[in-house]
Amino acid sequence: MQRPIQTYTDNYGQTIEFTIPIPHTKICINISGGADSAILLYMLINYCEEHIPEAEIHIITSANPIKSWKNAKWSTTVIDQLLHLTNTTLIKSHYTFYSDDQRRTELDDTEKMIQEQHGITFTINGTTQNPPVERSKTFGPPTFKKRDPGHGMLTLYVRDTNITSWVPFRTADKRIVAHLYKHFDMLEALFPYTRSCEWHPHVFSSANPGDGHCGECWWCKEREWAFGRL
């Protein structure tokens, strides 16, 4: 018997189906501090509390100079707020890895370590599709490639480590994330605790926004496009 599938559709016809397939109960999620992974963790906690009470959730966060080493702080702020909102006891570990860049291989290595220590079999991350290219061009640099034709990228696949990876937002842009915040009434309870900004002094002459948003970088403009606010 398959576990329940929860379907969500935004006003732009973008749909995601949320479920954790049998037999997975030991789950790892990467939390960046941004809006995407924050709402994904909220949904994961709620789903497991209702349908997989024996689940274990293991969290990975990172820190790197691209985000002035503060992304570990921002992601921890998100986790703390979600613990406050849900009172969950399903989160069993939290690992932070440090890097001088943003290398996927370092996240993979951390997942392998958690696999060895805790027996995880399933990982989730909140990567979304880029906005339509004609829109994202107006956000300025960097220039991203066009959306995947037909949104054909896999959302669920098995890696060579025998870990099943799931990227539920991969076929939709950030507007589906905004829809989920509204659906779960999290626009005030969770969204203000997230941060998408990637301001960097070598790119922008404006003052460092600190824990706020610069409003100038590509990621700020994507966030404002989807949510209508920073």
# chains A, B, ... in the order shown; residues from 1 in each chain; ligands from 1
>>> residues_around(residues="Trp199 in chain A", least_positions_apart="6", cutoff="9 Å", atoms="only C-alpha atoms", output="PyMOL selection string")
chain A and resi 66-67+206+208-209+213-217+219-220
>>> write_last_selection(atoms="C-alpha atoms", output="tab-separated table (two decimals), in the first residue's frame")
chain	number	residue	atom	x	y	z
A	66	ILE	CA	29.66	33.08	-0.84
A	67	LYS	CA	27.10	34.03	1.82
A	206	SER	CA	25.26	49.14	-1.79
A	208	ASN	CA	25.79	45.09	3.29
A	209	PRO	CA	22.17	44.17	4.12
A	213	HIS	CA	17.73	41.49	1.77
A	214	CYS	CA	19.58	43.80	-0.59
A	215	GLY	CA	16.75	43.86	-3.15
A	216	GLU	CA	19.34	44.07	-5.95
A	217	CYS	CA	20.67	40.56	-6.52
A	219	TRP	CA	17.83	35.91	-5.88
A	220	CYS	CA	16.13	38.87	-4.18
>>> closest_atom_pairs(of="range 104-206 of chain A", to="range 73-91 of chain A", cutoff="10 Å", atoms="only C-alpha atoms", output="JSON lines")
{"residue": "A:Met186", "atom": "CA", "partner": "A:Leu85", "partner_atom": "CA", "distance": 10.0}
{"residue": "A:Ala189", "atom": "CA", "partner": "A:Leu85", "partner_atom": "CA", "distance": 8.0}
{"residue": "A:Leu190", "atom": "CA", "partner": "A:Gln81", "partner_atom": "CA", "distance": 7.0}
{"residue": "A:Phe191", "atom": "CA", "partner": "A:Val78", "partner_atom": "CA", "distance": 9.0}
{"residue": "A:Pro192", "atom": "CA", "partner": "A:Val78", "partner_atom": "CA", "distance": 9.4}
{"residue": "A:Tyr193", "atom": "CA", "partner": "A:Val78", "partner_atom": "CA", "distance": 5.8}
{"residue": "A:Thr194", "atom": "CA", "partner": "A:Val78", "partner_atom": "CA", "distance": 6.3}
{"residue": "A:Arg195", "atom": "CA", "partner": "A:Trp74", "partner_atom": "CA", "distance": 6.9}
{"residue": "A:Ser196", "atom": "CA", "partner": "A:Trp74", "partner_atom": "CA", "distance": 9.7}
>>> residues_around(residues="Ile16 in chain A", least_positions_apart="6", cutoff="12 Å", atoms="only C-alpha atoms", output="PyMOL selection string")
chain A and resi 5-10+40+128+155+166-173+175-177+179-180
>>> atom_distance(atom1="CA of Thr121 in chain A", atom2="CA of Pro21 in chain A")
11.0 Å
>>> residues_around(residues="range 107-114 of chain A", least_positions_apart="3", cutoff="9 Å", atoms="only C-alpha atoms", output="PyMOL selection string")
chain A and resi 28+30+58+60-62+95-97+102-104+117-120+123+161+163
>>> write_last_selection(atoms="C-alpha atoms", output="PDB file, in the first residue's frame")
ATOM      1  CA  CYS A  28      17.754  13.616   5.170  1.00  0.00           C
ATOM      2  CA  ASN A  30      19.280  20.027   3.107  1.00  0.00           C
ATOM      3  CA  HIS A  58      18.235  14.369   9.681  1.00  0.00           C
ATOM      4  CA  ILE A  60      22.225  19.223   6.749  1.00  0.00           C
ATOM      5  CA  THR A  61      23.176  22.901   6.660  1.00  0.00           C
ATOM      6  CA  SER A  62      26.286  24.580   5.299  1.00  0.00           C
ATOM      7  CA  TYR A  95      25.095  18.522  10.685  1.00  0.00           C
ATOM      8  CA  THR A  96      26.786  21.644   9.293  1.00  0.00           C
ATOM      9  CA  PHE A  97      29.617  21.387   6.784  1.00  0.00           C
ATOM     10  CA  GLN A 102      29.275  25.735  -2.966  1.00  0.00           C
ATOM     11  CA  ARG A 103      30.259  22.251  -4.077  1.00  0.00           C
ATOM     12  CA  ARG A 104      27.613  19.591  -4.587  1.00  0.00           C
ATOM     13  CA  GLN A 117      25.849   6.768  10.881  1.00  0.00           C
ATOM     14  CA  HIS A 118      22.058   6.808  10.795  1.00  0.00           C
ATOM     15  CA  GLY A 119      21.027   4.562   7.919  1.00  0.00           C
ATOM     16  CA  ILE A 120      19.238   7.217   5.839  1.00  0.00           C
ATOM     17  CA  THR A 123      17.040  12.655   0.750  1.00  0.00           C
ATOM     18  CA  THR A 161      24.978   5.293  -2.991  1.00  0.00           C
ATOM     19  CA  ILE A 163      20.013   6.683  -1.577  1.00  0.00           C
TER      20      ILE A 163
END
>>> select_by_dssp(residues="range 85-192 of chain A", states="helix (DSSP H, G or I)", output="PDB file with C-alpha atoms, in the first residue's frame")
ATOM      1  CA  LEU A  85       5.808  25.960  15.290  1.00  0.00           C
ATOM      2  CA  THR A  86       5.554  22.175  15.176  1.00  0.00           C
ATOM      3  CA  ARG A 104      27.613  19.591  -4.587  1.00  0.00           C
ATOM      4  CA  THR A 105      30.257  16.936  -3.834  1.00  0.00           C
ATOM      5  CA  GLU A 106      30.645  18.217  -0.265  1.00  0.00           C
ATOM      6  CA  LEU A 107      26.908  17.894   0.330  1.00  0.00           C
ATOM      7  CA  ASP A 108      27.100  14.381  -1.154  1.00  0.00           C
ATOM      8  CA  ASP A 109      29.920  13.501   1.254  1.00  0.00           C
ATOM      9  CA  THR A 110      27.893  14.730   4.223  1.00  0.00           C
ATOM     10  CA  GLU A 111      24.887  12.692   3.091  1.00  0.00           C
ATOM     11  CA  LYS A 112      27.116   9.600   2.841  1.00  0.00           C
ATOM     12  CA  MET A 113      28.326  10.191   6.393  1.00  0.00           C
ATOM     13  CA  ILE A 114      24.748  10.410   7.651  1.00  0.00           C
ATOM     14  CA  GLN A 115      23.889   7.300   5.655  1.00  0.00           C
ATOM     15  CA  GLU A 116      26.680   5.416   7.409  1.00  0.00           C
ATOM     16  CA  GLN A 117      25.849   6.768  10.881  1.00  0.00           C
ATOM     17  CA  HIS A 118      22.058   6.808  10.795  1.00  0.00           C
ATOM     18  CA  VAL A 133      13.812  33.083 -19.175  1.00  0.00           C
ATOM     19  CA  GLU A 134      12.183  36.249 -20.526  1.00  0.00           C
ATOM     20  CA  ARG A 135      11.380  37.168 -16.939  1.00  0.00           C
ATOM     21  CA  SER A 136      14.616  36.084 -15.288  1.00  0.00           C
ATOM     22  CA  LYS A 137      16.616  38.162 -17.769  1.00  0.00           C
ATOM     23  CA  THR A 138      15.147  41.255 -16.161  1.00  0.00           C
ATOM     24  CA  PHE A 139      16.675  40.263 -12.811  1.00  0.00           C
ATOM     25  CA  PRO A 149      12.221  21.876 -22.063  1.00  0.00           C
ATOM     26  CA  GLY A 150       8.932  20.466 -20.878  1.00  0.00           C
ATOM     27  CA  HIS A 151      10.215  20.481 -17.306  1.00  0.00           C
ATOM     28  CA  LYS A 174       9.198  29.711  -7.038  1.00  0.00           C
ATOM     29  CA  ARG A 175       5.566  30.713  -7.516  1.00  0.00           C
ATOM     30  CA  ILE A 176       4.567  27.235  -6.307  1.00  0.00           C
ATOM     31  CA  VAL A 177       6.565  27.922  -3.141  1.00  0.00           C
ATOM     32  CA  ALA A 178       4.671  31.178  -2.594  1.00  0.00           C
ATOM     33  CA  HIS A 179       1.433  29.246  -3.068  1.00  0.00           C
ATOM     34  CA  LEU A 180       2.456  26.742  -0.389  1.00  0.00           C
ATOM     35  CA  TYR A 181       3.240  29.497   2.115  1.00  0.00           C
ATOM     36  CA  LYS A 182      -0.238  30.916   1.564  1.00  0.00           C
ATOM     37  CA  HIS A 183      -1.869  27.475   1.686  1.00  0.00           C
ATOM     38  CA  PHE A 191       8.564  33.322   5.604  1.00  0.00           C
ATOM     39  CA  PRO A 192      10.135  36.302   7.484  1.00  0.00           C
TER      40      PRO A 192
END
>>> atom_distance(atom1="CA of Ser165 in chain A", atom2="CA of Glu224 in chain A")
28.8 Å
>>> select_by_dssp(residues="range 7-116 of chain A", states="strand (DSSP E)", output="MDAnalysis selection string")
chainID A and resid 7:9 15:18 26:30 56:63 91:98
>>> write_last_selection(atoms="N, CA and C atoms", output="mmCIF file, in the first residue's frame")
data_model
loop_
_atom_site.group_PDB
_atom_site.id
_atom_site.type_symbol
_atom_site.label_atom_id
_atom_site.label_comp_id
_atom_site.auth_asym_id
_atom_site.auth_seq_id
_atom_site.Cartn_x
_atom_site.Cartn_y
_atom_site.Cartn_z
ATOM 1 N N THR A 7 -1.639 16.672 -3.073
ATOM 2 C CA THR A 7 -1.464 17.415 -4.319
ATOM 3 C C THR A 7 -1.741 18.896 -4.098
ATOM 4 N N TYR A 8 -0.849 19.738 -4.632
ATOM 5 C CA TYR A 8 -0.989 21.190 -4.502
ATOM 6 C C TYR A 8 -0.809 21.814 -5.885
ATOM 7 N N THR A 9 -1.722 22.719 -6.247
ATOM 8 C CA THR A 9 -1.673 23.392 -7.546
ATOM 9 C C THR A 9 -1.801 24.887 -7.338
ATOM 10 N N THR A 15 1.839 22.120 -10.497
ATOM 11 C CA THR A 15 1.368 21.144 -9.519
ATOM 12 C C THR A 15 2.537 20.341 -8.963
ATOM 13 N N ILE A 16 2.493 20.078 -7.662
ATOM 14 C CA ILE A 16 3.427 19.138 -7.069
ATOM 15 C C ILE A 16 2.631 18.085 -6.296
ATOM 16 N N GLU A 17 3.177 16.893 -6.233
ATOM 17 C CA GLU A 17 2.583 15.817 -5.456
ATOM 18 C C GLU A 17 3.551 15.452 -4.346
ATOM 19 N N PHE A 18 3.086 15.560 -3.109
ATOM 20 C CA PHE A 18 3.958 15.358 -1.952
ATOM 21 C C PHE A 18 3.661 14.017 -1.298
ATOM 22 N N LYS A 26 13.865 6.923 7.201
ATOM 23 C CA LYS A 26 15.021 7.700 7.647
ATOM 24 C C LYS A 26 15.399 8.668 6.527
ATOM 25 N N ILE A 27 15.135 9.936 6.784
ATOM 26 C CA ILE A 27 15.107 10.949 5.727
ATOM 27 C C ILE A 27 16.090 12.057 6.046
ATOM 28 N N CYS A 28 16.793 12.516 5.024
ATOM 29 C CA CYS A 28 17.754 13.616 5.170
ATOM 30 C C CYS A 28 17.302 14.778 4.298
ATOM 31 N N ILE A 29 17.372 15.986 4.837
ATOM 32 C CA ILE A 29 16.960 17.173 4.082
ATOM 33 C C ILE A 29 18.016 18.255 4.225
ATOM 34 N N ASN A 30 18.314 18.931 3.118
ATOM 35 C CA ASN A 30 19.280 20.027 3.107
ATOM 36 C C ASN A 30 18.540 21.343 3.310
ATOM 37 N N GLU A 56 12.570 9.330 11.106
ATOM 38 C CA GLU A 56 13.695 10.110 11.615
ATOM 39 C C GLU A 56 14.063 11.132 10.547
ATOM 40 N N ILE A 57 14.159 12.390 10.945
ATOM 41 C CA ILE A 57 14.557 13.456 10.023
ATOM 42 C C ILE A 57 15.945 13.936 10.418
ATOM 43 N N HIS A 58 16.863 13.920 9.463
ATOM 44 C CA HIS A 58 18.235 14.369 9.681
ATOM 45 C C HIS A 58 18.485 15.580 8.774
ATOM 46 N N ILE A 59 19.059 16.626 9.335
ATOM 47 C CA ILE A 59 19.190 17.905 8.627
ATOM 48 C C ILE A 59 20.653 18.218 8.345
ATOM 49 N N ILE A 60 20.901 18.718 7.127
ATOM 50 C CA ILE A 60 22.225 19.223 6.749
ATOM 51 C C ILE A 60 22.114 20.721 6.471
ATOM 52 N N THR A 61 23.037 21.490 7.017
ATOM 53 C CA THR A 61 23.176 22.901 6.660
ATOM 54 C C THR A 61 24.635 23.146 6.294
ATOM 55 N N SER A 62 24.906 24.294 5.699
ATOM 56 C CA SER A 62 26.286 24.580 5.299
ATOM 57 C C SER A 62 26.622 26.040 5.583
ATOM 58 N N ALA A 63 27.907 26.321 5.540
ATOM 59 C CA ALA A 63 28.389 27.696 5.670
ATOM 60 C C ALA A 63 29.524 27.887 4.679
ATOM 61 N N ILE A 91 13.079 15.319 14.440
ATOM 62 C CA ILE A 91 14.411 15.732 13.990
ATOM 63 C C ILE A 91 15.443 15.110 14.927
ATOM 64 N N LYS A 92 16.302 14.262 14.383
ATOM 65 C CA LYS A 92 17.228 13.470 15.187
ATOM 66 C C LYS A 92 18.675 13.930 15.099
ATOM 67 N N SER A 93 19.035 14.671 14.057
ATOM 68 C CA SER A 93 20.411 15.165 13.972
ATOM 69 C C SER A 93 20.457 16.396 13.077
ATOM 70 N N HIS A 94 21.519 17.172 13.254
ATOM 71 C CA HIS A 94 21.735 18.382 12.470
ATOM 72 C C HIS A 94 23.240 18.521 12.270
ATOM 73 N N TYR A 95 23.685 18.422 11.023
ATOM 74 C CA TYR A 95 25.095 18.522 10.685
ATOM 75 C C TYR A 95 25.329 19.761 9.815
ATOM 76 N N THR A 96 26.384 20.506 10.122
ATOM 77 C CA THR A 96 26.786 21.644 9.293
ATOM 78 C C THR A 96 28.158 21.363 8.705
ATOM 79 N N PHE A 97 28.298 21.520 7.387
ATOM 80 C CA PHE A 97 29.617 21.387 6.784
ATOM 81 C C PHE A 97 30.077 22.749 6.281
ATOM 82 N N TYR A 98 31.373 22.984 6.379
ATOM 83 C CA TYR A 98 31.971 24.242 5.978
ATOM 84 C C TYR A 98 32.752 24.054 4.686
#
>>> atom_distance(atom1="CA of Leu187 in chain A", atom2="CA of Cys48 in chain A")
21.9 Å
>>> closest_residue(among="A:Ile124, A:Leu44, A:Cys197, A:Leu156", to="Gly212 in chain A", atoms="only C-alpha atoms")
A:Cys197
>>> decode(residues="range 67-131 of chain A", atoms="C-alpha atoms", output="compact mmCIF listing (two decimals), in the first residue's frame")
# COMPACT_ATOMS: atom_id res chain seq x y z
CA LYS A 67 27.10 34.03 1.82
CA SER A 68 29.61 35.57 4.24
CA TRP A 69 29.58 32.38 6.31
CA LYS A 70 26.14 33.34 7.60
CA ASN A 71 24.04 30.71 5.84
CA ALA A 72 24.54 28.33 8.80
CA LYS A 73 23.05 31.03 11.03
CA TRP A 74 20.09 31.68 8.71
CA SER A 75 19.30 27.99 8.26
CA THR A 76 19.47 27.43 12.02
CA THR A 77 17.04 30.32 12.53
CA VAL A 78 14.62 28.54 10.17
CA ILE A 79 15.04 25.24 12.02
CA ASP A 80 14.49 26.89 15.41
CA GLN A 81 11.30 28.54 14.18
CA LEU A 82 9.98 25.27 12.76
CA LEU A 83 10.70 23.49 16.03
CA HIS A 84 8.71 26.23 17.76
CA LEU A 85 5.81 25.96 15.29
CA THR A 86 5.55 22.17 15.18
CA ASN A 87 6.93 20.94 18.52
CA THR A 88 8.21 17.94 16.57
CA THR A 89 10.53 15.33 18.04
CA LEU A 90 11.23 13.72 14.67
CA ILE A 91 14.41 15.73 13.99
CA LYS A 92 17.23 13.47 15.19
CA SER A 93 20.41 15.17 13.97
CA HIS A 94 21.74 18.38 12.47
CA TYR A 95 25.10 18.52 10.69
CA THR A 96 26.79 21.64 9.29
CA PHE A 97 29.62 21.39 6.78
CA TYR A 98 31.97 24.24 5.98
CA SER A 99 33.32 24.96 2.53
CA ASP A 100 35.20 27.65 0.63
CA ASP A 101 32.66 27.35 -2.20
CA GLN A 102 29.28 25.74 -2.97
CA ARG A 103 30.26 22.25 -4.08
CA ARG A 104 27.61 19.59 -4.59
CA THR A 105 30.26 16.94 -3.83
CA GLU A 106 30.65 18.22 -0.26
CA LEU A 107 26.91 17.89 0.33
CA ASP A 108 27.10 14.38 -1.15
CA ASP A 109 29.92 13.50 1.25
CA THR A 110 27.89 14.73 4.22
CA GLU A 111 24.89 12.69 3.09
CA LYS A 112 27.12 9.60 2.84
CA MET A 113 28.33 10.19 6.39
CA ILE A 114 24.75 10.41 7.65
CA GLN A 115 23.89 7.30 5.65
CA GLU A 116 26.68 5.42 7.41
CA GLN A 117 25.85 6.77 10.88
CA HIS A 118 22.06 6.81 10.80
CA GLY A 119 21.03 4.56 7.92
CA ILE A 120 19.24 7.22 5.84
CA THR A 121 17.73 5.94 2.59
CA PHE A 122 15.95 9.05 1.31
CA THR A 123 17.04 12.66 0.75
CA ILE A 124 15.02 15.75 -0.12
CA ASN A 125 16.02 19.20 -1.34
CA GLY A 126 14.03 22.26 -2.31
CA THR A 127 15.57 23.22 -5.68
CA THR A 128 13.05 24.95 -7.94
CA GLN A 129 12.89 25.54 -11.68
CA ASN A 130 14.19 28.94 -12.83
CA PRO A 131 11.55 31.54 -13.75
